[in-house]
Amino acid sequence: MNAAARATTAEAPHAGASLAVALDDIAISFAVKGRPVFNAVAPTSLHVREGEFVAIVGPTGCGKSTLLNATAGLLAPAGGTVSIFGEKLVGLNARAGYLFQQDALMPWKTALDNVAIALEIGGMRRADAVAQAQDWLKRVGLARFTERYPHELSGGQRKRVALAQMLIRQPKILLMDEPFGPLDAQTRQIMGTLLLRLWAQDRKAVLFVTHDLEEAIALSDRVVIMSAGPEARIIGDFPIDLARPRDAAEIRLDPRFHELHRMIWSQLKAEVAKTYGDDMNGLEASS
Amino acid sequence: MNAAARATTAEAPHAGASLAVALDDIAISFAVKGRPVFNAVAPTSLHVREGEFVAIVGPTGCGKSTLLNATAGLLAPAGGTVSIFGEKLVGLNARAGYLFQQDALMPWKTALDNVAIALEIGGMRRADAVAQAQDWLKRVGLARFTERYPHELSGGQRKRVALAQMLIRQPKILLMDEPFGPLDAQTRQIMGTLLLRLWAQDRKAVLFVTHDLEEAIALSDRVVIMSAGPEARIIGDFPIDLARPRDAAEIRLDPRFHELHRMIWSQLKAEVAKTYGDDMNGLEASS
Amino acid sequence: EIEKPNLTLGVGGKPLLYYLPLTLAERLGYFKDEGLTVEINDFGGGSKSLQALIGGSVDAVTGAYEHTIRMQDKKQDIRAVIDLGRYPGIVVGVSKRKADTIKSVADLKGAKIGVTAPGSSTYILVQYLMMKNGMSPDDASFIGVGSGASAVAAMQKGEIDAISHLDPVISKLQDMGELTVLVDTRTTAGTEAVFGGQNPAAVLYLKESFIKANPNTVQALTNAFYKTLKWLEKATPEEVAATVPQEYWLGDKDLYIKAFNASRESYSPDGNINEASMKSALNLIATTDPKIDPAKIDLSKTFDGSFLAKAKGQ
Amino acid sequence: MKLHPAKLLFLQILVAVAALALWQIGATVPIGGDFLLPEFFFSKPGDVLSRVVELFVTGTIWKHLWITLTETVLAFIIGSVGGVVIGFWFARKPVVAAVFDPYVKMVNALPRVVLAPIFMLWLGLGIWSKVALGVTLVFFIVFFNVYQGVKEVSPVVLANARMMGMNERQLFRNVYWPSAMSWMFSSLHTAVGFALVGAVVGEYLGSAAGLGYLIHQAEGVFDVTGVFAGMFILAAFVLVIDWFVTRVEKRLLVWRPQAASEQN
Amino acid sequence: MKLHPAKLLFLQILVAVAALALWQIGATVPIGGDFLLPEFFFSKPGDVLSRVVELFVTGTIWKHLWITLTETVLAFIIGSVGGVVIGFWFARKPVVAAVFDPYVKMVNALPRVVLAPIFMLWLGLGIWSKVALGVTLVFFIVFFNVYQGVKEVSPVVLANARMMGMNERQLFRNVYWPSAMSWMFSSLHTAVGFALVGAVVGEYLGSAAGLGYLIHQAEGVFDVTGVFAGMFILAAFVLVIDWFVTRVEKRLLVWRPQAASEQN
Ligand SMILES: Nc1ncnc2c1ncn2[C@@H]1O[C@H](COP(=O)(O)OP(=O)(O)OP(=O)(O)O)[C@@H](O)[C@H]1O
Ligand SMILES: Nc1ncnc2c1ncn2[C@@H]1O[C@H](COP(=O)(O)OP(=O)(O)OP(=O)(O)O)[C@@H](O)[C@H]1O
Ligand SMILES: [Mg+2]
Ligand SMILES: [Mg+2]
């Protein structure tokens, strides 16, 4: 098992460059009451270089969020090590910003305060923090919703507040779990472009979970595929050799884009089919 | 305003057929503390016939969830009427099942119990309800996760439990708010096919909110477009004249599919651009 | 010269007839006449006021003479300076329902007897009576019924067969016709029948150290109480009723006057405690509490008559 | 479902009138020869009300009321601040909490009446011994709720805040405190009453002034009317304090969605 | 952060030993001429412990313990069931809640000590008057928390349940009850102690047996050792009841994610 996992280790193409994130042979298990331990992620490895944009795709429930949690230091792996910029991670990953899959805004703060607090805790004066937060909310299209509490916003609006909250701190590592899920296609592209511009500024490392393969290809340097769980592993690693800077919309017309898409898709499809092989006997998968 | 809204009333093509849902001139406002009332939805109308599958698309935050809430009877409209099967809706809409955009599972029940309870409250014996729930969880690919509590499931798994919970009751009207959002493309198609099969069985009316226009076209009889808020209205109504039964994957190869997609997309794009016209001066929209 | 003109004085249940001289001294202005400003603190019970004295939060207490004896056993030097009540004022009576079967103390065997609280003087007196009649205290069951309305309720509802209590509960029960008196230590006759003499009840006591440090203050205090006793000796019930606050009238002036008349004899006419009554008090405690060794108690340290003598001399 | 304020007031007064009427009937109309609420134990509503009026008109009440108010407010503030601080501390230091848990529970079970002499010993006869008694009641009510409230913080919101880089103090201010707030306020509503009870019981057990003193005086001489008048004033009084608490609560919890049960 | 049970026990015992040592020093070593904990008020730890042992060895305690236990458990059960039922009822009927709100708060502010005679009148001198006193304490603590707990139900979960077609009873069973559970248990931990306090105070004010009776008796003859021995037994006793509550809580709340503060 271990050997097999190694064979498909998602390794940075230029192994020499310094690594922002190195997950080595990590395994993650959950204790479920009255059941055997659930091994969500089998020993698997993933390396992300500084300034690299890696997208993670995989069937639902395979372990993508779990992997991000381990990288963030929120979840202690059952085995293996997590290293951040060459140092073994102990406790929380202070260099990373994390956009959670679930709603994670503070319900008792307005959109503006939710964003501004991210700067204030670093010691910035409130007035400055608010000014910047206002600017960021404008960038994500929420200039008119700054005084709203989270429960007064739509799902997509909340997500964008969370996006601003994470980006405003300009962390060196961005962990993003389906950040554009509840957004319409158009807004997705705008946000994607925003993200790419920021990323280009100072070589941030990005781990980007998405279910939209086109989005993954359009944005990333590498697309990594996870196998269906339990004991999910990284089973595919595709460098995306499209030229930068890219325009999130136009790139989809590139023939190379389609080639890559077909290639990755075929492997992904096989993987998802496996999931349903076990569980979906009641339903003939229609693809 | 009223006249303009009427002009684009999303009307069922065969007005004579009996209506499952009729939203007539409904307007929805929210009181926001210390601000003028926020008119989320301007007077607008939407009719859904029995057995009709209507998809709603629109820019993020335009008022799609709000519209579903009004149809479900969870939100009292500030003006206009909601009629269900010809009767004016008072209180909750007992004929509808609602798949919420947010997590809405009972955290204190396992996946199985969350689904089984939907039948038990109708008076079914527990053993029967559990057997059926087990079957439904299998259909959504969660046969091995029946004993898990919601917090022990991934985002996509929770959504599928909620899907099973709603479908198992076989309500006459299905309100679905981004039901397949956190699912991978493959699983989405499988779920889409599952949904279509059920829908075909006994002429359910479906109101389906999605950000995936392809999905909207592939599944529905009509795609309805909402304008950007505030005072959002229905500004486009496209009958989808693709043959039934459809295969969610193959239909995308149909030339008519592409034609419809292009048509709807162009109107949608203009609408989204409007949203950002106001708020996104900081960012050049890249499309 | 008065060392400490501002005094705090503790009492456990000020409106009770038991402590009538205190209220009179206050209302008649005798403290002021002596140049004292006395703040009266009312406590939940006699033992709480004693604890306050020992803890130092009050300077003087009007409480039971018995405390001075018990405190000697606890190595606390507490001394009475003037007697206020020469008889205990406790009445043992039976419910009218049981009046046929319980005719004397000897019949209390197996009865349910209500007392103000376990360990209190009402409790001890019944035990003493039972032992004098050749019974063990275990021959009856004792129920704490509290000091106020709850005692009346217990009797009225027939929860207890007999009661050992004080005024105004006793007067109220008599007034209601619920009670047949067995032993009445409010009167001379009743007390002599039990103890063969006096048995001091309410006294004014202070810490020995306080007496030593503030002799003039103590003298002034004693003077005030002595004057009160003298006033009380001659006062008519009407005058007494007119002097105390109207709320003390038990809702009915006639009842108050009846109760006062019943207790009248128990107030000390001269404030003195003689040898014999001290011994009688010690005997009462020692009989009922095996932990107290009468040989170890120096009764001369329980009462300091010097202030009273001076007060009389004035 | 939202009631018009005037209608609400009307209904509230109706309840009061009904209760008073029942009281009056119980006290004056014998049922099967017995009074349900014998006057000796319950007085009569008219008498009690006129006594209340008298107390206010003659002005005797003010001094007592003022003392009891001071004690109650101090007990309430000290007890709840203590409960909040220790509650947070325990919730954030599981080891401390685990070690002291049995002792906190033991102390909570001590009858306060018995502790009174000790407070008097330490704090004298003034207001502070009464405040202490109130504090021992208020503290535990607030403590247990704050402790639980902190543990109920949404794990996702907490994780997000920690990823932002908040230190313990910032987490407290921005996450734990606002999240535990509704727990805290719930306990404060209970605690208001108990602060007053503590103060009054303290006065009852030994004092020279205050509402508890008044009630004690009245009890000793079977002045039930006085007792009930005192209790009535007490009770009215707590409404005033609770009104302040509710105002602060409303202010601090503006961010909340309307409670589910208050919608439609 | 999770402490090993043996180490936890060790630390707990350490705390107890330290407290006893301080007590011993305070009672026997004068500081500036004064004792911090004068023996007259505090006795000495050794004396208290040997008295406790004596009480158990001679067996006198059992009868009293049994009576107090019965009263406490009854007060706890009746009070908390009442608090839960009325709490739910009020939370689900906003009009009822709004109308009765001031009265509930007023009653909560009545000093229980003053109510004792009334309970004795109605319920006699047996255990029921003590139970009633305990109930008046427990009820309010549980009531306020359950009331708030029901209002804290997640609006989305509630809306989903209602859309499923649940009627009021089903909502109660499947939504309100489980959701309010952690609120309820938090209040129960406070309430356990108060149930005991109520029972003991009741006994203290009038009874023929029970721990409160023992303590009162000891107090009457200034036997502090006896008072502290009684309180010690009380306190130990409440731990036993609380242990049962905690077990039930653990069982009913299996579904919860580990509290955030307990993770890493
Ligand atoms: N606390 C937990 N206890 C037990 N199992 C868990 C827990 N959290 C996650 N899992 C399981 O671990 C697996 C991976 O979960 P994870 O949330 O990482 O999936 P995911 O890839 O993010 O899926 P999705 O795309 O649906 O969000 C799932 O099968 C899930 O059921
Ligand atoms: N409780 C509320 N108070 C105030 N405004 C609200 C409230 N709920 C929703 N809104 C506003 O109403 C508008 C429509 O919200 P709605 O949730 O219906 O959007 P949506 O179309 O579902 O968006 P999304 O695709 O992001 O879920 C938004 O602008 C939102 O800010
Ligand atoms: Mg996930
Ligand atoms: Mg929405």
# chains A, B, ... in the order shown; residues from 1 in each chain; ligands from 1
call {"tool": "residues_around", "arguments": {"residues": "Phe145 of chain B", "least_positions_apart": "6", "cutoff": "10 Å", "atoms": "only C-alpha atoms", "output": "list in words"}}
result
Thr110, Ala111, Leu112, Gln134, Leu137, Lys138, Glu152, Leu153, Gln157 and Val161 of chain B
call {"tool": "residues_near_ligand", "arguments": {"ligand": "ligand 3", "cutoff": "12 Å", "atoms": "only C-alpha atoms and all ligand atoms", "output": "ChimeraX atom specification"}}
result
/A:56-69,99-102,176-179,181,208-211 /B:151-159,181-184
call {"tool": "write_last_selection", "arguments": {"atoms": "C-alpha atoms", "output": "PDB file, in the first residue's frame"}}
result
ATOM      1  CA  ILE A  56      -7.552  19.083  -5.861  1.00  0.00           C
ATOM      2  CA  VAL A  57     -10.443  17.231  -7.429  1.00  0.00           C
ATOM      3  CA  GLY A  58     -12.048  14.002  -6.447  1.00  0.00           C
ATOM      4  CA  PRO A  59     -15.359  12.315  -5.845  1.00  0.00           C
ATOM      5  CA  THR A  60     -17.561  13.611  -3.051  1.00  0.00           C
ATOM      6  CA  GLY A  61     -16.553  12.409   0.392  1.00  0.00           C
ATOM      7  CA  CYS A  62     -13.121  11.266  -0.663  1.00  0.00           C
ATOM      8  CA  GLY A  63     -11.120  13.328   1.800  1.00  0.00           C
ATOM      9  CA  LYS A  64     -10.351  16.687   0.228  1.00  0.00           C
ATOM     10  CA  SER A  65     -11.516  18.781   3.157  1.00  0.00           C
ATOM     11  CA  THR A  66      -9.765  16.400   5.486  1.00  0.00           C
ATOM     12  CA  LEU A  67      -6.509  16.957   3.637  1.00  0.00           C
ATOM     13  CA  LEU A  68      -6.880  20.724   3.912  1.00  0.00           C
ATOM     14  CA  ASN A  69      -7.673  20.430   7.607  1.00  0.00           C
ATOM     15  CA  LEU A  99     -11.592  29.331   3.351  1.00  0.00           C
ATOM     16  CA  PHE A 100     -13.869  26.714   4.882  1.00  0.00           C
ATOM     17  CA  GLN A 101     -16.399  24.687   2.993  1.00  0.00           C
ATOM     18  CA  GLN A 102     -19.021  25.507   5.608  1.00  0.00           C
ATOM     19  CA  MET A 176      -9.610  27.042  -0.309  1.00  0.00           C
ATOM     20  CA  ASP A 177     -12.406  24.507  -0.022  1.00  0.00           C
ATOM     21  CA  GLU A 178     -14.928  24.956  -2.833  1.00  0.00           C
ATOM     22  CA  PRO A 179     -14.674  28.721  -2.561  1.00  0.00           C
ATOM     23  CA  GLY A 181     -19.380  26.679  -5.042  1.00  0.00           C
ATOM     24  CA  PHE A 208      -7.750  24.759  -4.195  1.00  0.00           C
ATOM     25  CA  VAL A 209     -10.522  22.191  -3.814  1.00  0.00           C
ATOM     26  CA  THR A 210     -13.217  22.300  -6.473  1.00  0.00           C
ATOM     27  CA  HIS A 211     -15.734  20.112  -8.186  1.00  0.00           C
TER      28      HIS A 211
ATOM     29  CA  HIS B 151     -20.883  16.245  11.677  1.00  0.00           C
ATOM     30  CA  GLU B 152     -19.143  13.031  10.715  1.00  0.00           C
ATOM     31  CA  LEU B 153     -20.028  13.404   7.060  1.00  0.00           C
ATOM     32  CA  SER B 154     -18.446  15.457   4.295  1.00  0.00           C
ATOM     33  CA  GLY B 155     -20.287  18.433   2.813  1.00  0.00           C
ATOM     34  CA  GLY B 156     -21.405  16.491  -0.237  1.00  0.00           C
ATOM     35  CA  GLN B 157     -22.510  13.547   1.851  1.00  0.00           C
ATOM     36  CA  ARG B 158     -24.673  15.759   4.030  1.00  0.00           C
ATOM     37  CA  LYS B 159     -26.294  17.229   0.960  1.00  0.00           C
ATOM     38  CA  GLY B 181     -23.724  22.325  -5.391  1.00  0.00           C
ATOM     39  CA  PRO B 182     -21.131  20.483  -3.349  1.00  0.00           C
ATOM     40  CA  LEU B 183     -21.094  17.372  -5.541  1.00  0.00           C
ATOM     41  CA  ASP B 184     -18.564  16.445  -8.181  1.00  0.00           C
TER      42      ASP B 184
END
call {"tool": "atom_distance", "arguments": {"atom1": "atom CA of Gly210 of chain D", "atom2": "atom CA of Ser47 of chain C"}}
result
21.2 Å
call {"tool": "interface_residues", "arguments": {"of": "chain D", "to": "chain C", "cutoff": "7 Å", "atoms": "only C-alpha atoms", "output": "ChimeraX atom specification"}}
result
/D:117,120-121,124-125,204-208,217,219-223
call {"tool": "closest_atom_pairs", "arguments": {"of": "chain A", "to": "chain E", "cutoff": "10 Å", "atoms": "only C-alpha atoms", "output": "tab-separated table"}}
result
residue	atom	partner	partner_atom	distance
A:Lys33	CA	E:Val254	CA	8.8
A:Gly73	CA	E:Asn264	CA	10.0
A:Leu74	CA	E:Asn264	CA	8.3
A:Leu75	CA	E:Asn264	CA	8.4
A:Ala76	CA	E:Asn264	CA	8.3
A:Gly91	CA	E:Asn264	CA	8.3
call {"tool": "select_by_dssp", "arguments": {"residues": "segment 18-94 of chain B", "states": "alpha helix (DSSP H)", "output": "list of chain:residue names"}}
result
B:Lys64, B:Ser65, B:Thr66, B:Leu67, B:Leu68, B:Asn69, B:Ala70, B:Thr71, B:Ala72
